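Structure file my_file.txt (compact mmCIF, N, CA and C atoms) is printed below.
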# COMPACT_ATOMS: atom_id res chain seq x y z
N MET A 127 0.82 -1.19 0.00
CA MET A 127 0.00 0.00 0.00
C MET A 127 0.87 1.26 0.00
N ASN A 128 1.96 1.23 0.72
CA ASN A 128 2.84 2.38 0.79
C ASN A 128 3.46 2.69 -0.57
N THR A 129 3.79 1.67 -1.33
CA THR A 129 4.38 1.86 -2.66
C THR A 129 3.36 2.48 -3.60
N ARG A 130 2.11 2.09 -3.46
CA ARG A 130 1.05 2.64 -4.31
C ARG A 130 0.86 4.13 -4.05
N ASN A 131 0.84 4.55 -2.80
CA ASN A 131 0.69 5.96 -2.46
C ASN A 131 1.88 6.77 -2.97
N ARG A 132 3.04 6.16 -2.86
CA ARG A 132 4.24 6.84 -3.34
C ARG A 132 4.18 7.03 -4.85
N SER A 133 3.73 6.04 -5.58
CA SER A 133 3.61 6.14 -7.04
C SER A 133 2.60 7.21 -7.42
N ILE A 134 1.50 7.26 -6.72
CA ILE A 134 0.48 8.27 -7.01
C ILE A 134 1.03 9.67 -6.74
N ARG A 135 1.75 9.83 -5.64
CA ARG A 135 2.34 11.12 -5.29
C ARG A 135 3.36 11.55 -6.34
N LEU A 136 4.23 10.64 -6.76
CA LEU A 136 5.23 10.97 -7.77
C LEU A 136 4.59 11.32 -9.11
N ALA A 137 3.54 10.61 -9.47
CA ALA A 137 2.83 10.91 -10.72
C ALA A 137 2.18 12.29 -10.64
N ALA A 138 1.62 12.63 -9.49
CA ALA A 138 0.99 13.94 -9.33
C ALA A 138 2.02 15.06 -9.41
N ILE A 139 3.17 14.85 -8.81
CA ILE A 139 4.23 15.86 -8.86
C ILE A 139 4.74 16.02 -10.29
N ALA A 140 4.95 14.90 -10.99
CA ALA A 140 5.42 14.96 -12.37
C ALA A 140 4.40 15.69 -13.25
N PHE A 141 3.13 15.41 -13.06
CA PHE A 141 2.08 16.07 -13.84
C PHE A 141 2.07 17.57 -13.54
N GLY A 142 2.23 17.94 -12.29
CA GLY A 142 2.25 19.36 -11.91
C GLY A 142 3.43 20.09 -12.52
N VAL A 143 4.60 19.47 -12.49
CA VAL A 143 5.79 20.08 -13.06
C VAL A 143 5.62 20.24 -14.58
N PHE A 144 5.09 19.24 -15.25
CA PHE A 144 4.86 19.33 -16.69
C PHE A 144 3.87 20.45 -17.01
N GLY A 145 2.80 20.55 -16.26
CA GLY A 145 1.81 21.60 -16.48
C GLY A 145 2.38 22.99 -16.27
N PHE A 146 3.19 23.14 -15.23
CA PHE A 146 3.83 24.43 -14.96
C PHE A 146 4.78 24.81 -16.10
N ALA A 147 5.57 23.86 -16.58
CA ALA A 147 6.51 24.13 -17.68
C ALA A 147 5.75 24.49 -18.96
N ALA A 148 4.66 23.81 -19.23
CA ALA A 148 3.87 24.12 -20.43
C ALA A 148 3.26 25.52 -20.33
N ALA A 149 2.76 25.89 -19.17
CA ALA A 149 2.18 27.22 -19.00
C ALA A 149 3.25 28.30 -19.12
N LEU A 150 4.42 28.06 -18.58
CA LEU A 150 5.51 29.02 -18.66
C LEU A 150 5.96 29.21 -20.10
N THR A 151 6.04 28.14 -20.85
CA THR A 151 6.45 28.22 -22.25
C THR A 151 5.42 28.97 -23.07
N ALA A 152 4.16 28.80 -22.79
CA ALA A 152 3.10 29.44 -23.57
C ALA A 152 3.08 30.95 -23.39
N THR A 153 3.54 31.46 -22.25
CA THR A 153 3.48 32.89 -22.00
C THR A 153 4.85 33.56 -22.09
N ALA A 154 5.86 32.88 -22.59
CA ALA A 154 7.21 33.42 -22.58
C ALA A 154 7.53 34.29 -23.78
N GLY A 155 6.60 34.48 -24.71
CA GLY A 155 6.88 35.26 -25.90
C GLY A 155 7.06 36.73 -25.60
N ILE A 156 8.05 37.34 -26.23
CA ILE A 156 8.30 38.77 -26.07
C ILE A 156 7.72 39.47 -27.29
N PRO A 157 6.88 40.47 -27.08
CA PRO A 157 6.26 41.14 -28.23
C PRO A 157 7.31 41.87 -29.08
N ASP A 158 7.15 41.80 -30.40
CA ASP A 158 8.05 42.49 -31.32
C ASP A 158 7.26 43.59 -32.01
N CYS A 159 7.32 44.77 -31.45
CA CYS A 159 6.52 45.88 -31.95
C CYS A 159 7.07 46.45 -33.25
N ARG A 160 8.35 46.24 -33.53
CA ARG A 160 8.93 46.73 -34.78
C ARG A 160 8.34 46.01 -35.99
N TYR A 161 7.92 44.77 -35.80
CA TYR A 161 7.31 43.99 -36.87
C TYR A 161 6.06 44.69 -37.40
N CYS A 162 5.28 45.26 -36.52
CA CYS A 162 4.05 45.93 -36.92
C CYS A 162 4.35 47.18 -37.74
N LEU A 163 5.36 47.93 -37.34
CA LEU A 163 5.71 49.15 -38.05
C LEU A 163 6.26 48.84 -39.44
N ALA A 164 7.05 47.78 -39.56
CA ALA A 164 7.57 47.37 -40.87
C ALA A 164 6.42 46.96 -41.79
N GLY A 165 5.43 46.26 -41.24
CA GLY A 165 4.26 45.87 -42.02
C GLY A 165 3.45 47.08 -42.47
N TYR A 166 3.39 48.09 -41.62
CA TYR A 166 2.67 49.31 -41.98
C TYR A 166 3.34 49.99 -43.16
N TYR A 167 4.67 50.14 -43.12
CA TYR A 167 5.39 50.80 -44.21
C TYR A 167 5.27 50.00 -45.51
N GLN A 168 5.32 48.70 -45.41
CA GLN A 168 5.16 47.87 -46.60
C GLN A 168 3.75 48.03 -47.18
N CYS A 169 2.75 48.05 -46.34
CA CYS A 169 1.37 48.24 -46.79
C CYS A 169 1.21 49.60 -47.45
N ARG A 170 1.75 50.63 -46.82
CA ARG A 170 1.62 51.99 -47.33
C ARG A 170 2.32 52.15 -48.69
N ASP A 171 3.48 51.51 -48.85
CA ASP A 171 4.22 51.63 -50.10
C ASP A 171 3.58 50.86 -51.25
N ASN A 172 2.81 49.82 -50.94
CA ASN A 172 2.28 48.94 -51.98
C ASN A 172 0.78 49.05 -52.20
N THR A 173 0.11 49.95 -51.50
CA THR A 173 -1.34 50.04 -51.60
C THR A 173 -1.75 51.46 -51.96
N PRO A 174 -2.46 51.65 -53.07
CA PRO A 174 -2.96 53.00 -53.36
C PRO A 174 -4.05 53.38 -52.34
N ASP A 175 -4.06 54.63 -51.95
CA ASP A 175 -5.01 55.13 -50.95
C ASP A 175 -4.98 54.27 -49.69
N ALA A 176 -3.79 54.13 -49.13
CA ALA A 176 -3.55 53.16 -48.06
C ALA A 176 -3.90 53.65 -46.67
N GLN A 177 -4.14 54.93 -46.48
CA GLN A 177 -4.24 55.46 -45.13
C GLN A 177 -5.22 54.73 -44.21
N PRO A 178 -6.49 54.62 -44.52
CA PRO A 178 -7.35 54.01 -43.50
C PRO A 178 -7.03 52.53 -43.24
N SER A 179 -6.82 51.76 -44.30
CA SER A 179 -6.65 50.32 -44.09
C SER A 179 -5.30 49.97 -43.47
N CYS A 180 -4.23 50.65 -43.88
CA CYS A 180 -2.91 50.34 -43.33
C CYS A 180 -2.82 50.73 -41.85
N LEU A 181 -3.43 51.85 -41.49
CA LEU A 181 -3.44 52.24 -40.08
C LEU A 181 -4.24 51.24 -39.25
N ASP A 182 -5.35 50.79 -39.79
CA ASP A 182 -6.15 49.79 -39.08
C ASP A 182 -5.35 48.50 -38.86
N GLN A 183 -4.62 48.08 -39.90
CA GLN A 183 -3.79 46.88 -39.77
C GLN A 183 -2.67 47.09 -38.75
N LEU A 184 -2.09 48.29 -38.74
CA LEU A 184 -1.03 48.60 -37.76
C LEU A 184 -1.58 48.50 -36.34
N PHE A 185 -2.71 49.14 -36.10
CA PHE A 185 -3.30 49.11 -34.76
C PHE A 185 -3.66 47.69 -34.33
N GLN A 186 -4.22 46.91 -35.25
CA GLN A 186 -4.59 45.53 -34.92
C GLN A 186 -3.35 44.70 -34.60
N CYS A 187 -2.29 44.89 -35.36
CA CYS A 187 -1.04 44.17 -35.11
C CYS A 187 -0.48 44.54 -33.73
N GLN A 188 -0.51 45.83 -33.40
CA GLN A 188 -0.01 46.28 -32.10
C GLN A 188 -0.83 45.68 -30.96
N ILE A 189 -2.13 45.63 -31.12
CA ILE A 189 -2.99 45.06 -30.09
C ILE A 189 -2.75 43.56 -29.96
N ASP A 190 -2.65 42.86 -31.09
CA ASP A 190 -2.43 41.42 -31.06
C ASP A 190 -1.10 41.03 -30.43
N ASN A 191 -0.08 41.89 -30.58
CA ASN A 191 1.24 41.61 -30.04
C ASN A 191 1.49 42.26 -28.68
N ARG A 192 0.43 42.77 -28.06
CA ARG A 192 0.50 43.38 -26.74
C ARG A 192 1.45 44.58 -26.71
N CYS A 193 1.45 45.36 -27.79
CA CYS A 193 2.23 46.59 -27.85
C CYS A 193 1.31 47.77 -27.55
N ASP A 194 1.88 48.89 -27.18
CA ASP A 194 1.08 50.09 -26.98
C ASP A 194 0.68 50.63 -28.35
N PRO A 195 -0.62 50.74 -28.62
CA PRO A 195 -1.04 51.29 -29.91
C PRO A 195 -0.56 52.73 -30.06
N SER A 196 0.12 53.02 -31.17
CA SER A 196 0.63 54.35 -31.41
C SER A 196 0.65 54.61 -32.91
N LEU A 197 0.67 55.88 -33.25
CA LEU A 197 0.76 56.27 -34.66
C LEU A 197 2.19 56.10 -35.14
N PRO A 198 2.39 55.84 -36.44
CA PRO A 198 3.74 55.75 -36.97
C PRO A 198 4.45 57.11 -36.89
N PRO A 199 5.77 57.12 -36.82
CA PRO A 199 6.48 58.38 -36.61
C PRO A 199 6.57 59.29 -37.83
N ASP A 200 5.94 58.96 -38.95
CA ASP A 200 6.07 59.84 -40.12
C ASP A 200 4.96 60.81 -40.25

What is this file in structure tokens?
Amino acid sequence: MNTRNRSIRLAAIAFGVFGFAAALTATAGIPDCRYCLAGYYQCRDNTPDAQPSCLDQLFQCQIDNRCDPSLPPD
């Protein structure tokens, strides 16, 4: 009986450690806000009458990447 309890305890600890590592890995991404600005400039250079749609895409990219929404510096 003692061996069974020990096995259950070890399995529970292993499961907890695996769950913690998986959660830590899922939230470890660092936002890259420069990516959004580069996409904005590419959209603006390649789209006629780009102002409303390219700005909307920039803001959405910033929100999706947990960046502070801001206007481009130009």

Using only C-alpha atoms, which residues sit within 9 Å of Cys169 of chain A once same-chain residues fewer than 3 positions away are excluded, as an mmCIF file with N, CA and C atoms, in the coordinates of the input?
data_model
loop_
_atom_site.group_PDB
_atom_site.id
_atom_site.type_symbol
_atom_site.label_atom_id
_atom_site.label_comp_id
_atom_site.auth_asym_id
_atom_site.auth_seq_id
_atom_site.Cartn_x
_atom_site.Cartn_y
_atom_site.Cartn_z
ATOM 1 N N ALA A 164 7.050 47.780 -39.560
ATOM 2 C CA ALA A 164 7.570 47.370 -40.870
ATOM 3 C C ALA A 164 6.420 46.960 -41.790
ATOM 4 N N GLY A 165 5.430 46.260 -41.240
ATOM 5 C CA GLY A 165 4.260 45.870 -42.020
ATOM 6 C C GLY A 165 3.450 47.080 -42.470
ATOM 7 N N TYR A 166 3.390 48.090 -41.620
ATOM 8 C CA TYR A 166 2.670 49.310 -41.980
ATOM 9 C C TYR A 166 3.340 49.990 -43.160
ATOM 10 N N ASN A 172 2.810 49.820 -50.940
ATOM 11 C CA ASN A 172 2.280 48.940 -51.980
ATOM 12 C C ASN A 172 0.780 49.050 -52.200
ATOM 13 N N THR A 173 0.110 49.950 -51.500
ATOM 14 C CA THR A 173 -1.340 50.040 -51.600
ATOM 15 C C THR A 173 -1.750 51.460 -51.960
ATOM 16 N N ALA A 176 -3.790 54.130 -49.130
ATOM 17 C CA ALA A 176 -3.550 53.160 -48.060
ATOM 18 C C ALA A 176 -3.900 53.650 -46.670
ATOM 19 N N SER A 179 -6.820 51.760 -44.300
ATOM 20 C CA SER A 179 -6.650 50.320 -44.090
ATOM 21 C C SER A 179 -5.300 49.970 -43.470
ATOM 22 N N CYS A 180 -4.230 50.650 -43.880
ATOM 23 C CA CYS A 180 -2.910 50.340 -43.330
ATOM 24 C C CYS A 180 -2.820 50.730 -41.850
ATOM 25 N N GLN A 183 -4.620 48.080 -39.900
ATOM 26 C CA GLN A 183 -3.790 46.880 -39.770
ATOM 27 C C GLN A 183 -2.670 47.090 -38.750
#

Worksheet item: Just how far from atom C of Leu163 of chain A is atom N of Pro195 of chain A, in Å to one decimal?
Response: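 Atom C of Leu163 of chain A lies 13.0 Å from atom N of Pro195 of chain A.
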
Worksheet entry | Distance criterion (all atoms listed in the file): nearest to Tyr161 of chain A out of A:Gln188, A:Asp175, A:Asp182, A:Leu197 |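 Of A:Gln188, A:Asp175, A:Asp182, A:Leu197, the one nearest Tyr161 of chain A, counting all atoms listed in the file, is A:Gln188.
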
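In this model, the gap between atom N of Pro178 of chain A and atom C of Pro199 of chain A comes to 15.4 Å.
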
Worksheet item: For the atom pair atom C of Leu184 of chain A and atom C of Arg170 of chain A, what is the interatomic distance in Å to one decimal place?
Response: 13.5 Å
